[in-house]
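Have a look at the structure below before the remarks.
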Amino acid sequence: MSAIDYSAKIPNNVDLANDRTLQRALEHWQPRFLEWWKELGPNDFATADVYLRTAIGVDAQGWAHYGTVKMPDYRWGIFLADPIADRTIGFGDSFGQPVWQQVPGEFRSQFRRLIVTQGDTEPASVEQQHLLGHTCPSLYDLRNLFQINVEEGRHLWAMVYILHAHFGRDGREEAEELLARHSGDADKPRILGTFNEPIVDWLSFFCFCYFTDRDGKFQLKSLAESSFDPLARTCRFMLTEEAHHMFVGETGLGRVVKRTLEVMKETGSEDPQEIRRKGAVDLPLLQRYLNFWFSSSLDLFGSEISSNAATTFANGIKGRPDETTQYQDHVCAASTFEIEVPDGKGGVMKDTSAMRNAMNEVLRLSYVKDCEIGLKRWNMQIKRAGYALELKLPSNRFRRAIGAWANVPTDLEGKPISREEYEQRMPGWLPSASDKDYVKSLMQRVIEPGKMAAWIAPPDRGINNLSLDYEYVLFH
Ligand SMILES: [Fe+2]
Ligand SMILES: [Fe+2]
């Protein structure tokens with residue numbers, strides 16, 4: 001036994017106290033993680049006391065343990081959701097056989113690649129949000145940002161645990177690399193495009209939480225179906241935390257809409273300039289932010305037709321979200337899937353693919369459906385306030401950089417158009433330089449307990465039944 005009390009320092013349910021190999025790997029990695037956190041985690045808030053939840057167990061009491069903590073002292077833990085007795089493989093060629101507790105040698109590199117790609121997104125988002133604390137619209141929001149940051153840190157730990165525990169020396173090297181790549185770095189960027197986009201303002205942050213964390217939800221849901229049981233259990237537990245991140249995105253954007261509607265009422269005007277004079281976010285501006293983050297996040301699902309997706313499905317590595325409850329055919333050896341692709345002549349044509357090859361698209365479509373829920377809610381707010389305007393998701397074909405529609409100019413409805421028209425209309429579709437300047441001008445830090453910046457309405461309630469004017473972050 002080591003002298004370090006592992007369960008106090010690193011809360012876990014993986015018997016870390018008795019696993020010498022894992023201890024050694026983590027002892028080596030943890031100081032590097034802390035260095036990374038100091039350098040690229042929330043900038044300047046190391047001494048602040050933050051009201052945060054920490055996972056100290058996987059049951060109802062343990063997974064959200066609230067208390068005040070300085071972020072560098074956060075107890076990043078390692079948790080797997082409880083095992084499901086006699087769990088069998090839920091999809092693919094080995095359907096119905098017992099799940100694996102170790103990675104089968106022949107699938108090792110496929111698993112490693114998927115785990116590293118997922119793991120890479122977790123610290124990437126912390127890096128993207130590095131400076132946001134300085135311009136928080138309230139203490140409540142600041143606390144939520146930090147909650148997300150520490151949990152993404154824990155999600156990195158979750159993936160590093162799998163690498164350390166199951167991939168030997170390769171896994172240890174990959175774990176180091178997860179701290180060596182950096183968001184937006186010219187030489188060593190993060191693996192996926194969206195995770196190299198800067199998040200410089202809170203409107204982008206809320207969009208990121210709404211759209212990009214939701215991609216995370218769908219990736220985790222499909223990995224939670226995996227035949228490699230430790231990975232499935234890790235991802236299942238991460239999903240419980242991920243839900244809060246999307247809550248922050250959805251309620252954040254909903255509060256922006258609410259505030260804008262108040263200003264529209266007050267001024268009796270829908271004119272964006274009028275709304276901006278009152279320091280709120282006009283809805284067309286919000287729409288352009290939605291267009292940007294939604295289209296960027298769509299690419300995270302990969303190509304519509306992918307032999308890689310077919311192989312990972314066939315091999316039982318990555319399934320579909322809610323595989324057991326949402327689908328009848330779990331093998332998909334003979335079924336097909338129809339997609340729309342550019343016909344090369346400026347139009348659209350139908351194409352039929354083997355279902356297994358279309359798994360990325362299946363995943364993307366369920367993601368899009370989930371994205372629509374928030375829009376319906378915000379549109380209801382707008383309608384109730386008596387306005388005809390509607391926020392919309394652009395077409396899945398709009399501004400794609402990956403897959404069948406990559407670099408095919410289309411309008412927001414997905415209709416192919418000429419390159420000239422595309423470029424000419426783009427300033428109305430994506431945030432322009434002046435939009436971004438305006439949003440930047442709104443980003444003034446508000447840290448009086450209970451106070452909100454003028455561009456966002458207060459939330460309906462505080463965190464963990466505390467009042468809204470609770471001092472969620474205490475500065476020293
Ligand atoms: Fe995460
Ligand atoms: Fe997240």
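Just remember, in the structure tokens the first chain shown is A, the second B, etc., residues are 1-based per chain, and ligands are 1-based in the order shown.
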Skipping near chain neighbours, those fewer than 6 positions away, what residues fall within 10 Å of Lys436 in chain A using only C-alpha atoms, listed as an mmCIF file with C-alpha atoms, in the first residue's frame?
data_model
loop_
_atom_site.group_PDB
_atom_site.id
_atom_site.type_symbol
_atom_site.label_atom_id
_atom_site.label_comp_id
_atom_site.auth_asym_id
_atom_site.auth_seq_id
_atom_site.Cartn_x
_atom_site.Cartn_y
_atom_site.Cartn_z
ATOM 1 C CA VAL A 200 -14.142 34.785 -26.816
ATOM 2 C CA ASP A 201 -17.559 35.868 -25.590
ATOM 3 C CA LEU A 203 -22.818 34.262 -26.432
ATOM 4 C CA SER A 204 -20.392 31.877 -28.126
ATOM 5 C CA LEU A 285 -27.564 38.530 -34.359
ATOM 6 C CA TYR A 289 -24.349 32.823 -33.818
ATOM 7 C CA LEU A 442 -21.337 43.803 -24.039
#
Taking only C-alpha atoms and all ligand atoms into account, report as a list of chain:residue names which residues have an atom no farther than 9 Å from an atom of ligand 1. A:Gln118, A:Gly119, A:Thr121, A:Glu122, A:Pro123, A:Ser125, A:Ile148, A:Asn149, A:Glu151, A:Glu152, A:Gly153, A:Arg154, A:His155, A:Leu156, A:Asp213, A:Gly216, A:Lys217, A:Leu220, A:Met238, A:Leu239, A:Glu241, A:Glu242, A:His245
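Put simply, CA of Ile56 in chain A is 14.3 Å away from CA of Asp5 in chain A.
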Go ahead and compute the interatomic distance for CA of Trp293 in chain A and CA of Phe206 in chain A, in Å to one decimal. 9.9 Å
Near Cys235 in chain A, counting only C-alpha atoms, which residues have an atom at most 12 Å away, once you skip same-chain residues fewer than 4 positions from it, shown as a compact mmCIF listing (two decimals) with N, CA and C atoms, in the first residue's frame?
# COMPACT_ATOMS: atom_id res chain seq x y z
N ILE A 78 -12.28 9.38 -10.52
CA ILE A 78 -12.43 8.39 -11.60
C ILE A 78 -13.62 7.49 -11.26
N PHE A 79 -14.63 7.60 -12.08
CA PHE A 79 -15.84 6.83 -11.79
C PHE A 79 -16.38 6.10 -13.00
N LEU A 80 -16.78 4.88 -12.75
CA LEU A 80 -17.50 4.08 -13.75
C LEU A 80 -18.91 3.88 -13.22
N ALA A 81 -19.90 4.02 -14.09
CA ALA A 81 -21.27 3.72 -13.66
C ALA A 81 -21.31 2.25 -13.22
N ASP A 82 -22.26 1.93 -12.34
CA ASP A 82 -22.37 0.55 -11.86
C ASP A 82 -22.49 -0.44 -13.02
N ILE A 115 -11.08 6.72 -28.26
CA ILE A 115 -10.94 7.21 -26.89
C ILE A 115 -10.10 8.49 -26.87
N GLN A 118 -12.21 11.39 -28.31
CA GLN A 118 -13.16 11.88 -27.30
C GLN A 118 -12.40 12.63 -26.20
N GLY A 119 -11.33 12.02 -25.71
CA GLY A 119 -10.55 12.61 -24.62
C GLY A 119 -10.02 13.98 -25.00
N ARG A 154 -12.41 16.54 -15.37
CA ARG A 154 -12.66 15.18 -14.89
C ARG A 154 -12.91 14.22 -16.05
N HIS A 155 -13.57 14.71 -17.09
CA HIS A 155 -13.79 13.85 -18.25
C HIS A 155 -12.47 13.48 -18.91
N LEU A 156 -11.52 14.41 -18.87
CA LEU A 156 -10.19 14.07 -19.35
C LEU A 156 -9.61 12.94 -18.49
N TRP A 157 -9.76 13.09 -17.18
CA TRP A 157 -9.31 12.03 -16.28
C TRP A 157 -9.97 10.70 -16.62
N ALA A 158 -11.26 10.74 -16.92
CA ALA A 158 -12.00 9.51 -17.21
C ALA A 158 -11.39 8.79 -18.41
N MET A 159 -11.03 9.55 -19.44
CA MET A 159 -10.46 8.95 -20.64
C MET A 159 -9.02 8.51 -20.38
N TYR A 161 -7.88 7.52 -17.54
CA TYR A 161 -7.98 6.27 -16.77
C TYR A 161 -8.08 5.07 -17.72
N ILE A 162 -8.97 5.16 -18.70
CA ILE A 162 -9.15 4.04 -19.64
C ILE A 162 -7.83 3.78 -20.38
N GLY A 216 -21.06 16.14 -27.81
CA GLY A 216 -20.44 15.28 -26.80
C GLY A 216 -21.45 14.28 -26.24
N LYS A 217 -22.64 14.76 -25.96
CA LYS A 217 -23.68 13.87 -25.44
C LYS A 217 -23.91 12.69 -26.39
N PHE A 218 -24.02 12.98 -27.68
CA PHE A 218 -24.31 11.90 -28.63
C PHE A 218 -23.12 10.96 -28.83
N GLN A 219 -21.92 11.51 -28.80
CA GLN A 219 -20.74 10.64 -28.90
C GLN A 219 -20.67 9.74 -27.65
N LEU A 220 -20.90 10.35 -26.49
CA LEU A 220 -20.84 9.56 -25.25
C LEU A 220 -21.94 8.51 -25.22
N LYS A 221 -23.12 8.88 -25.72
CA LYS A 221 -24.22 7.92 -25.74
C LYS A 221 -23.89 6.73 -26.63
N SER A 222 -23.22 6.99 -27.74
CA SER A 222 -22.91 5.85 -28.62
C SER A 222 -21.74 5.03 -28.08
N LEU A 223 -20.83 5.69 -27.34
CA LEU A 223 -19.75 4.93 -26.70
C LEU A 223 -20.27 4.18 -25.46
N ALA A 224 -21.34 4.72 -24.87
CA ALA A 224 -21.95 4.04 -23.71
C ALA A 224 -22.58 2.70 -24.13
N GLU A 225 -22.76 2.51 -25.44
CA GLU A 225 -23.29 1.24 -25.94
C GLU A 225 -22.16 0.24 -26.23
N SER A 226 -20.93 0.70 -26.11
CA SER A 226 -19.80 -0.12 -26.56
C SER A 226 -19.73 -1.49 -25.88
N PHE A 228 -16.97 -2.85 -25.12
CA PHE A 228 -15.87 -2.76 -24.13
C PHE A 228 -16.47 -2.12 -22.89
N ASP A 229 -16.80 -2.97 -21.92
CA ASP A 229 -17.65 -2.55 -20.81
C ASP A 229 -17.07 -1.39 -19.97
N PRO A 230 -15.78 -1.39 -19.63
CA PRO A 230 -15.27 -0.24 -18.84
C PRO A 230 -15.48 1.10 -19.57
N LEU A 231 -15.31 1.10 -20.87
CA LEU A 231 -15.55 2.34 -21.64
C LEU A 231 -17.02 2.73 -21.58
N LEU A 239 -22.13 11.11 -18.82
CA LEU A 239 -23.38 11.70 -19.34
C LEU A 239 -24.17 12.41 -18.24
N THR A 240 -24.10 11.90 -17.02
CA THR A 240 -24.87 12.55 -15.94
C THR A 240 -24.34 13.98 -15.74
N GLU A 241 -23.02 14.15 -15.86
CA GLU A 241 -22.45 15.49 -15.68
C GLU A 241 -22.69 16.36 -16.92
N GLU A 242 -22.62 15.73 -18.08
CA GLU A 242 -22.76 16.47 -19.34
C GLU A 242 -24.12 17.18 -19.41
N LYS A 318 -18.60 1.08 -31.33
CA LYS A 318 -19.42 2.27 -31.12
C LYS A 318 -20.81 2.01 -31.71
N PRO A 321 -26.91 5.92 -30.27
CA PRO A 321 -27.47 6.34 -28.98
C PRO A 321 -28.76 5.55 -28.71
Just asking: which residues within range 145-224 of chain A are alpha helix (DSSP H) according to DSSP, as a ChimeraX atom specification? /A:145-166,168-180,202-207,213-223
Would you write out those residues with C-alpha atoms, as an mmCIF file, in the first residue's frame?
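Contents of the output file out-v7.cif:
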data_model
loop_
_atom_site.group_PDB
_atom_site.id
_atom_site.type_symbol
_atom_site.label_atom_id
_atom_site.label_comp_id
_atom_site.auth_asym_id
_atom_site.auth_seq_id
_atom_site.Cartn_x
_atom_site.Cartn_y
_atom_site.Cartn_z
ATOM 1 C CA LEU A 145 -18.474 28.174 -16.290
ATOM 2 C CA PHE A 146 -16.111 26.872 -13.627
ATOM 3 C CA GLN A 147 -18.335 23.866 -12.948
ATOM 4 C CA ILE A 148 -18.169 22.946 -16.589
ATOM 5 C CA ASN A 149 -14.410 23.524 -16.661
ATOM 6 C CA VAL A 150 -13.659 21.249 -13.713
ATOM 7 C CA GLU A 151 -15.991 18.582 -15.064
ATOM 8 C CA GLU A 152 -14.377 18.658 -18.489
ATOM 9 C CA GLY A 153 -11.149 18.240 -16.545
ATOM 10 C CA ARG A 154 -12.658 15.183 -14.888
ATOM 11 C CA HIS A 155 -13.793 13.851 -18.248
ATOM 12 C CA LEU A 156 -10.187 14.067 -19.354
ATOM 13 C CA TRP A 157 -9.308 12.032 -16.276
ATOM 14 C CA ALA A 158 -11.999 9.514 -17.211
ATOM 15 C CA MET A 159 -10.457 8.951 -20.639
ATOM 16 C CA VAL A 160 -6.915 8.947 -19.235
ATOM 17 C CA TYR A 161 -7.976 6.273 -16.773
ATOM 18 C CA ILE A 162 -9.149 4.044 -19.636
ATOM 19 C CA LEU A 163 -5.889 4.679 -21.508
ATOM 20 C CA HIS A 164 -3.753 3.979 -18.433
ATOM 21 C CA ALA A 165 -5.686 0.942 -17.287
ATOM 22 C CA HIS A 166 -6.145 -0.779 -20.634
ATOM 23 C CA GLY A 168 -0.254 0.023 -21.463
ATOM 24 C CA ARG A 169 2.634 2.133 -22.675
ATOM 25 C CA ASP A 170 0.710 3.351 -25.751
ATOM 26 C CA GLY A 171 -2.030 4.555 -23.447
ATOM 27 C CA ARG A 172 0.412 6.426 -21.239
ATOM 28 C CA GLU A 173 1.897 8.155 -24.253
ATOM 29 C CA GLU A 174 -1.517 9.129 -25.532
ATOM 30 C CA ALA A 175 -2.378 10.539 -22.094
ATOM 31 C CA GLU A 176 0.675 12.796 -22.303
ATOM 32 C CA GLU A 177 -0.307 13.922 -25.776
ATOM 33 C CA LEU A 178 -3.746 14.913 -24.505
ATOM 34 C CA LEU A 179 -1.969 17.618 -22.515
ATOM 35 C CA ALA A 180 0.448 18.523 -25.300
ATOM 36 C CA TRP A 202 -20.397 34.437 -23.539
ATOM 37 C CA LEU A 203 -22.818 34.262 -26.432
ATOM 38 C CA SER A 204 -20.392 31.877 -28.126
ATOM 39 C CA PHE A 205 -19.968 30.044 -24.840
ATOM 40 C CA PHE A 206 -23.703 29.421 -24.504
ATOM 41 C CA CYS A 207 -23.871 28.320 -28.154
ATOM 42 C CA ASP A 213 -21.520 19.787 -25.699
ATOM 43 C CA ARG A 214 -24.574 18.182 -27.262
ATOM 44 C CA ASP A 215 -22.333 16.571 -29.842
ATOM 45 C CA GLY A 216 -20.445 15.278 -26.797
ATOM 46 C CA LYS A 217 -23.683 13.872 -25.442
ATOM 47 C CA PHE A 218 -24.307 11.898 -28.629
ATOM 48 C CA GLN A 219 -20.742 10.640 -28.897
ATOM 49 C CA LEU A 220 -20.842 9.558 -25.251
ATOM 50 C CA LYS A 221 -24.223 7.916 -25.737
ATOM 51 C CA SER A 222 -22.910 5.852 -28.623
ATOM 52 C CA LEU A 223 -19.753 4.925 -26.697
#
Can you tell me which residues surround Glu340 in chain A at a distance of at most 8 Å, considering only C-alpha atoms, apart from same-chain residues fewer than 4 positions away, and format the answer as a list of chain:residue names? A:Val348, A:Met349, A:Lys350, A:Asp351
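Distance annotation: of A:Ala457, A:Leu466, A:Leu253, A:Ala243, the residue with the minimal separation from ligand 2 is A:Ala243; atom set is only C-alpha atoms and all ligand atoms.
Among the candidates A:Phe247, A:Tyr472, A:Phe33, A:Trp455, the residue lying nearest to ligand 2 is A:Phe247 (atoms considered: only C-alpha atoms and all ligand atoms).
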